[in-house]
file input_37.json (JSON, C-alpha atoms)
[["chain", "number", "residue", "atom", "x", "y", "z"],
["E", 1, "MET", "CA", 73.43, 54.71, -40.40],
["E", 2, "HIS", "CA", 76.73, 52.85, -39.92],
["E", 3, "ARG", "CA", 79.80, 54.55, -41.33],
["E", 4, "ALA", "CA", 83.12, 52.84, -41.96],
["E", 5, "PRO", "CA", 85.91, 54.04, -39.68],
["E", 6, "LEU", "CA", 88.42, 56.41, -41.25],
["E", 7, "THR", "CA", 91.15, 53.74, -41.10],
["E", 8, "GLU", "CA", 89.00, 51.43, -43.25],
["E", 9, "LYS", "CA", 88.39, 54.20, -45.78],
["E", 10, "LEU", "CA", 92.14, 54.86, -46.00],
["E", 11, "ASP", "CA", 93.14, 51.20, -46.39],
["E", 12, "PRO", "CA", 96.05, 51.31, -48.89],
["E", 13, "ASN", "CA", 95.04, 48.05, -50.60],
["E", 14, "ARG", "CA", 91.48, 49.24, -51.09],
["E", 15, "LEU", "CA", 92.71, 52.61, -52.34],
["E", 16, "LEU", "CA", 95.14, 50.92, -54.75],
["E", 17, "GLY", "CA", 92.36, 48.66, -56.06],
["E", 18, "ALA", "CA", 90.02, 51.60, -56.58],
["E", 19, "THR", "CA", 92.78, 53.53, -58.35],
["E", 20, "LYS", "CA", 93.53, 50.58, -60.66],
["E", 21, "THR", "CA", 89.86, 50.14, -61.44],
["E", 22, "ALA", "CA", 89.40, 53.81, -62.32],
["E", 23, "ALA", "CA", 92.61, 53.85, -64.37],
["E", 24, "ILE", "CA", 91.56, 50.80, -66.39],
["E", 25, "TYR", "CA", 88.00, 51.99, -66.99],
["E", 26, "PHE", "CA", 88.90, 55.56, -67.85],
["E", 27, "GLY", "CA", 92.08, 54.61, -69.72],
["E", 28, "GLU", "CA", 90.09, 52.31, -71.98],
["E", 29, "LEU", "CA", 87.33, 54.90, -72.28],
["E", 30, "ALA", "CA", 89.78, 57.62, -73.37],
["E", 31, "PHE", "CA", 91.56, 55.27, -75.77],
["E", 32, "ALA", "CA", 88.24, 54.20, -77.34],
["E", 33, "ILE", "CA", 87.12, 57.82, -77.83],
["E", 34, "VAL", "CA", 90.47, 58.94, -79.27],
["E", 35, "LEU", "CA", 90.53, 55.95, -81.61],
["E", 36, "ALA", "CA", 86.92, 56.62, -82.71],
["E", 37, "ILE", "CA", 87.76, 60.26, -83.47],
["E", 38, "GLY", "CA", 90.85, 59.19, -85.41],
["E", 39, "LEU", "CA", 88.82, 56.72, -87.47],
["E", 40, "LEU", "CA", 86.23, 59.38, -88.26],
["E", 41, "VAL", "CA", 88.85, 61.96, -89.22],
["E", 42, "ALA", "CA", 90.55, 59.44, -91.52],
["E", 43, "SER", "CA", 87.27, 58.56, -93.25],
["E", 44, "ALA", "CA", 86.65, 59.74, -96.79],
["E", 45, "LEU", "CA", 82.91, 59.06, -96.54],
["E", 46, "LYS", "CA", 80.30, 61.77, -96.97],
["E", 47, "PRO", "CA", 79.12, 63.07, -93.58],
["E", 48, "PHE", "CA", 75.58, 61.68, -93.89],
["E", 49, "ILE", "CA", 76.86, 58.20, -94.72],
["E", 50, "ALA", "CA", 79.38, 58.39, -91.89],
["E", 51, "ILE", "CA", 76.66, 59.37, -89.39],
["E", 52, "VAL", "CA", 74.45, 56.47, -90.49],
["E", 53, "LEU", "CA", 77.35, 54.00, -90.19],
["E", 54, "VAL", "CA", 78.37, 55.33, -86.77],
["E", 55, "CYS", "CA", 74.77, 54.86, -85.59],
["E", 56, "CYS", "CA", 74.79, 51.32, -87.02],
["E", 57, "GLY", "CA", 77.98, 50.59, -85.09],
["E", 58, "PHE", "CA", 76.49, 52.03, -81.90],
["E", 59, "ILE", "CA", 73.33, 49.92, -82.20],
["E", 60, "ALA", "CA", 75.35, 46.84, -83.14],
["E", 61, "TRP", "CA", 77.41, 47.24, -79.96],
["E", 62, "THR", "CA", 74.32, 47.34, -77.76],
["E", 63, "LEU", "CA", 73.04, 44.11, -79.35],
["E", 64, "ALA", "CA", 76.47, 42.44, -79.06],
["E", 65, "GLU", "CA", 76.70, 43.60, -75.43],
["E", 66, "TYR", "CA", 73.31, 42.03, -74.68],
["E", 67, "PHE", "CA", 74.15, 38.67, -76.32],
["E", 68, "THR", "CA", 77.65, 38.56, -74.84],
["E", 69, "HIS", "CA", 76.33, 39.28, -71.37],
["E", 70, "ARG", "CA", 73.45, 36.82, -71.66],
["E", 71, "TYR", "CA", 75.11, 33.90, -73.42],
["E", 72, "VAL", "CA", 78.85, 34.22, -72.82],
["E", 73, "LEU", "CA", 79.11, 35.75, -69.36],
["E", 74, "HIS", "CA", 76.14, 33.87, -67.92],
["E", 75, "ALA", "CA", 76.80, 30.53, -69.66],
["E", 76, "VAL", "CA", 80.41, 30.11, -70.82],
["E", 77, "ALA", "CA", 82.27, 32.29, -68.30],
["E", 78, "SER", "CA", 79.69, 32.04, -65.57],
["E", 79, "VAL", "CA", 82.09, 31.34, -62.68],
["E", 80, "GLN", "CA", 84.06, 34.54, -63.27],
["E", 81, "HIS", "CA", 80.93, 36.57, -63.88],
["E", 82, "ARG", "CA", 79.21, 35.22, -60.76],
["E", 83, "ARG", "CA", 82.14, 36.62, -58.80],
["E", 84, "HIS", "CA", 81.35, 40.03, -60.25],
["E", 85, "HIS", "CA", 77.71, 39.62, -59.18],
["E", 86, "ALA", "CA", 78.78, 38.65, -55.68],
["E", 87, "ARG", "CA", 81.34, 41.46, -55.35],
["E", 88, "PRO", "CA", 80.34, 44.20, -57.82],
["E", 89, "ARG", "CA", 82.62, 46.83, -56.28],
["E", 90, "GLU", "CA", 85.68, 44.59, -56.33],
["E", 91, "ALA", "CA", 88.69, 46.10, -58.06],
["E", 92, "ILE", "CA", 89.15, 45.48, -61.78],
["E", 93, "ASP", "CA", 92.83, 44.83, -62.35],
["E", 94, "LYS", "CA", 92.98, 43.75, -65.97],
["E", 95, "ILE", "CA", 91.90, 44.85, -69.41],
["E", 96, "PHE", "CA", 89.68, 42.36, -71.21],
["E", 97, "TRP", "CA", 91.87, 42.02, -74.28],
["E", 98, "GLN", "CA", 89.30, 39.83, -76.01],
["E", 99, "ILE", "CA", 87.11, 42.87, -76.64],
["E", 100, "TRP", "CA", 89.94, 44.62, -78.46],
["E", 101, "LEU", "CA", 90.44, 41.52, -80.60],
["E", 102, "ALA", "CA", 86.72, 41.66, -81.44],
["E", 103, "PHE", "CA", 87.12, 45.35, -82.35],
["E", 104, "ALA", "CA", 89.89, 44.39, -84.81],
["E", 105, "VAL", "CA", 87.51, 41.88, -86.43],
["E", 106, "VAL", "CA", 84.79, 44.56, -86.66],
["E", 107, "TYR", "CA", 87.28, 46.89, -88.33],
["E", 108, "LEU", "CA", 88.30, 44.26, -90.88],
["E", 109, "ALA", "CA", 84.69, 43.27, -91.58],
["E", 110, "THR", "CA", 83.01, 46.68, -91.68],
["E", 111, "GLY", "CA", 85.60, 49.45, -91.78],
["E", 112, "GLY", "CA", 86.63, 52.28, -89.54],
["E", 113, "VAL", "CA", 83.44, 54.32, -89.40],
["E", 114, "VAL", "CA", 81.29, 51.45, -88.10],
["E", 115, "LEU", "CA", 84.04, 50.65, -85.61],
["E", 116, "ALA", "CA", 83.97, 54.30, -84.51],
["E", 117, "GLY", "CA", 80.30, 53.86, -83.57],
["E", 118, "VAL", "CA", 81.10, 50.62, -81.75],
["E", 119, "LEU", "CA", 83.90, 52.36, -79.83],
["E", 120, "VAL", "CA", 81.67, 55.26, -78.80],
["E", 121, "ALA", "CA", 79.09, 52.74, -77.55],
["E", 122, "TYR", "CA", 81.85, 50.85, -75.72],
["E", 123, "ALA", "CA", 82.92, 54.09, -74.04],
["E", 124, "TRP", "CA", 79.29, 54.58, -72.97],
["E", 125, "TYR", "CA", 79.25, 51.00, -71.64],
["E", 126, "LEU", "CA", 82.44, 51.60, -69.64],
["E", 127, "SER", "CA", 80.96, 54.78, -68.17],
["E", 128, "VAL", "CA", 77.64, 53.18, -67.26],
["E", 129, "HIS", "CA", 79.15, 50.04, -65.78],
["E", 130, "TYR", "CA", 81.74, 51.94, -63.74],
["E", 131, "CYS", "CA", 79.16, 54.38, -62.42],
["E", 132, "ALA", "CA", 76.68, 51.58, -61.65],
["E", 133, "HIS", "CA", 79.17, 50.12, -59.18],
["E", 134, "HIS", "CA", 81.22, 53.10, -58.04],
["E", 135, "ASN", "CA", 79.15, 56.28, -58.50],
["E", 136, "PRO", "CA", 75.51, 55.30, -59.06],
["E", 137, "THR", "CA", 73.97, 58.69, -58.32],
["E", 138, "ILE", "CA", 74.97, 60.11, -61.71],
["E", 139, "LEU", "CA", 73.20, 57.44, -63.79],
["E", 140, "PRO", "CA", 69.62, 57.78, -64.95],
["E", 141, "THR", "CA", 67.46, 56.15, -62.27],
["E", 142, "ARG", "CA", 65.76, 53.69, -64.63],
["E", 143, "LEU", "CA", 69.07, 52.45, -66.03],
["E", 144, "MET", "CA", 70.55, 52.10, -62.54],
["E", 145, "LYS", "CA", 67.52, 50.16, -61.31],
["E", 146, "HIS", "CA", 67.71, 47.95, -64.40],
["E", 147, "HIS", "CA", 71.33, 47.06, -63.62],
["E", 148, "LEU", "CA", 70.78, 46.55, -59.90],
["E", 149, "ASP", "CA", 67.84, 44.26, -60.66],
["E", 150, "HIS", "CA", 70.16, 42.21, -62.89],
["E", 151, "HIS", "CA", 72.52, 41.70, -59.96],
["E", 152, "LYS", "CA", 69.58, 40.49, -57.83],
["E", 153, "PHE", "CA", 67.94, 38.37, -60.55],
["E", 154, "ALA", "CA", 70.78, 37.19, -62.79],
["E", 155, "ASN", "CA", 68.50, 35.68, -65.41],
["E", 156, "ARG", "CA", 66.96, 39.06, -66.31],
["E", 157, "ASN", "CA", 68.04, 42.54, -67.45],
["E", 158, "TYR", "CA", 71.18, 41.68, -69.41],
["E", 159, "GLY", "CA", 71.50, 45.08, -71.11],
["E", 160, "VAL", "CA", 73.96, 47.40, -69.39],
["E", 161, "THR", "CA", 73.71, 50.49, -71.62],
["E", 162, "THR", "CA", 70.12, 50.09, -72.76],
["E", 163, "ARG", "CA", 66.94, 48.27, -71.83],
["E", 164, "LEU", "CA", 65.93, 47.94, -75.50],
["E", 165, "TRP", "CA", 67.12, 44.38, -76.11],
["E", 166, "ASP", "CA", 65.71, 43.11, -72.81],
["E", 167, "ARG", "CA", 62.34, 44.42, -73.95],
["E", 168, "ALA", "CA", 62.76, 42.96, -77.44],
["E", 169, "PHE", "CA", 63.83, 39.49, -76.21],
["E", 170, "GLY", "CA", 61.51, 39.27, -73.20],
["E", 171, "THR", "CA", 64.24, 39.23, -70.53],
["E", 172, "MET", "CA", 63.27, 42.48, -68.83],
["E", 173, "LEU", "CA", 62.20, 42.11, -65.21],
["E", 174, "ARG", "CA", 58.70, 43.48, -64.87]]
call {"tool": "encode", "arguments": {"input": "input_37.json", "output": "structure tokens"}}
result
Amino acid sequence: MHRAPLTEKLDPNRLLGATKTAAIYFGELAFAIVLAIGLLVASALKPFIAIVLVCCGFIAWTLAEYFTHRYVLHAVASVQHRRHHARPREAIDKIFWQIWLAFAVVYLATGGVVLAGVLVAYAWYLSVHYCAHHNPTILPTRLMKHHLDHHKFANRNYGVTTRLWDRAFGTMLR
């Protein structure tokens, strides 16, 4: 097995890129979780209702993630997304502010408790996507294979956090 020389592993630009990527992923993840907790604490809903609405938000995120990945990233923003497919470990150096704008719309349309579920699912998405490209051994094998297959066959396996919608819409690689 070929190993990279120590000088390549210690490349300052590569290290800076990896640090930025981790900071953005985990910064957003922490912010999403803290915001979700704050929204739940501020809720006056009965616990059972809150749990149902959080679950609705979580499920809604997975469906929105599927459709966004399939129709926006592979059709509208395909050039940028193809770059990610070609270089999946490339450093992420920006926050996708559009998602936070979408979260504001969700809040205005559905309220804080549904948004809390969406934010928890988004935190799960950030974790899965980061690990898929930077620490794959900690992901469930089936989910990791599902994502890797998507990078090989870009017209299949659009779900990042779940395989459910790929099964439901017939886009799962068999």
call {"tool": "residues_around", "arguments": {"input": "input_37.json", "residues": "region 65-75 of chain E", "least_positions_apart": "2", "cutoff": "9 Å", "atoms": "all atoms listed in the file", "output": "ChimeraX atom specification"}}
result
/E:60-63,77-82,122,125,154-162,165-166
call {"tool": "write_last_selection", "arguments": {"input": "input_37.json", "atoms": "C-alpha atoms", "output": "compact mmCIF listing (two decimals), in the frame of the given file"}}
result
# COMPACT_ATOMS: atom_id res chain seq x y z
CA ALA E 60 75.35 46.84 -83.14
CA TRP E 61 77.41 47.24 -79.96
CA THR E 62 74.32 47.34 -77.76
CA LEU E 63 73.04 44.11 -79.35
CA ALA E 77 82.27 32.29 -68.30
CA SER E 78 79.69 32.04 -65.57
CA VAL E 79 82.09 31.34 -62.68
CA GLN E 80 84.06 34.54 -63.27
CA HIS E 81 80.93 36.57 -63.88
CA ARG E 82 79.21 35.22 -60.76
CA TYR E 122 81.85 50.85 -75.72
CA TYR E 125 79.25 51.00 -71.64
CA ALA E 154 70.78 37.19 -62.79
CA ASN E 155 68.50 35.68 -65.41
CA ARG E 156 66.96 39.06 -66.31
CA ASN E 157 68.04 42.54 -67.45
CA TYR E 158 71.18 41.68 -69.41
CA GLY E 159 71.50 45.08 -71.11
CA VAL E 160 73.96 47.40 -69.39
CA THR E 161 73.71 50.49 -71.62
CA THR E 162 70.12 50.09 -72.76
CA TRP E 165 67.12 44.38 -76.11
CA ASP E 166 65.71 43.11 -72.81
call {"tool": "closest_residue", "arguments": {"input": "input_37.json", "among": "E:Phe58, E:Met172, E:Tyr130, E:Ile24", "to": "Phe96 (chain E)", "atoms": "all atoms listed in the file"}}
result
E:Ile24
call {"tool": "axis_aligned_box", "arguments": {"input": "input_37.json", "around": "region 40-53 of chain E", "padding_each_side": "6 Å", "output": "lines of an AutoDock Vina configuration file"}}
result
center_x = 82.5
center_y = 58.5
center_z = -92.6
size_x = 28.1
size_y = 21.1
size_z = 20.7
call {"tool": "residues_around", "arguments": {"input": "input_37.json", "residues": "region 33-43 of chain E", "least_positions_apart": "4", "cutoff": "7 Å", "atoms": "only C-alpha atoms", "output": "ChimeraX atom specification"}}
result
/E:29,112-113,116,119-120,123
call {"tool": "closest_residue", "arguments": {"input": "input_37.json", "among": "E:Val54, E:Val118, E:Pro140, E:Val128", "to": "Ala32 (chain E)", "atoms": "only C-alpha atoms"}}
result
E:Val118
call {"tool": "residues_near_point", "arguments": {"input": "input_37.json", "point": "(82.1, 41.7, -58.6)", "cutoff": "12 Å", "atoms": "only C-alpha atoms", "output": "PyMOL selection string"}}
result
chain E and resi 21+79-93+129-130+132-134+151
call {"tool": "atom_distance", "arguments": {"input": "input_37.json", "atom1": "CA of Ala50 (chain E)", "atom2": "CA of Ala104 (chain E)"}}
result
18.9 Å
call {"tool": "atom_distance", "arguments": {"input": "input_37.json", "atom1": "CA of Pro136 (chain E)", "atom2": "CA of Thr171 (chain E)"}}
result
22.7 Å
call {"tool": "residues_near_point", "arguments": {"input": "input_37.json", "point": "(63.6, 52.1, -67.0)", "cutoff": "10 Å", "atoms": "all atoms listed in the file", "output": "PDB file with C-alpha atoms, in the coordinates of the input"}}
result
ATOM      1  CA  PRO E 140      69.620  57.780 -64.950  1.00  0.00           C
ATOM      2  CA  THR E 141      67.460  56.150 -62.270  1.00  0.00           C
ATOM      3  CA  ARG E 142      65.760  53.690 -64.630  1.00  0.00           C
ATOM      4  CA  LEU E 143      69.070  52.450 -66.030  1.00  0.00           C
ATOM      5  CA  MET E 144      70.550  52.100 -62.540  1.00  0.00           C
ATOM      6  CA  LYS E 145      67.520  50.160 -61.310  1.00  0.00           C
ATOM      7  CA  HIS E 146      67.710  47.950 -64.400  1.00  0.00           C
ATOM      8  CA  HIS E 147      71.330  47.060 -63.620  1.00  0.00           C
ATOM      9  CA  THR E 162      70.120  50.090 -72.760  1.00  0.00           C
ATOM     10  CA  ARG E 163      66.940  48.270 -71.830  1.00  0.00           C
ATOM     11  CA  LEU E 164      65.930  47.940 -75.500  1.00  0.00           C
ATOM     12  CA  MET E 172      63.270  42.480 -68.830  1.00  0.00           C
TER      13      MET E 172
END
call {"tool": "residues_around", "arguments": {"input": "input_37.json", "residues": "Leu126 (chain E)", "least_positions_apart": "5", "cutoff": "9 Å", "atoms": "all atoms listed in the file", "output": "PyMOL selection string"}}
result
chain E and resi 25-26+28-29+121+131
call {"tool": "atom_distance", "arguments": {"input": "input_37.json", "atom1": "CA of Ala102 (chain E)", "atom2": "CA of Cys56 (chain E)"}}
result
16.3 Å
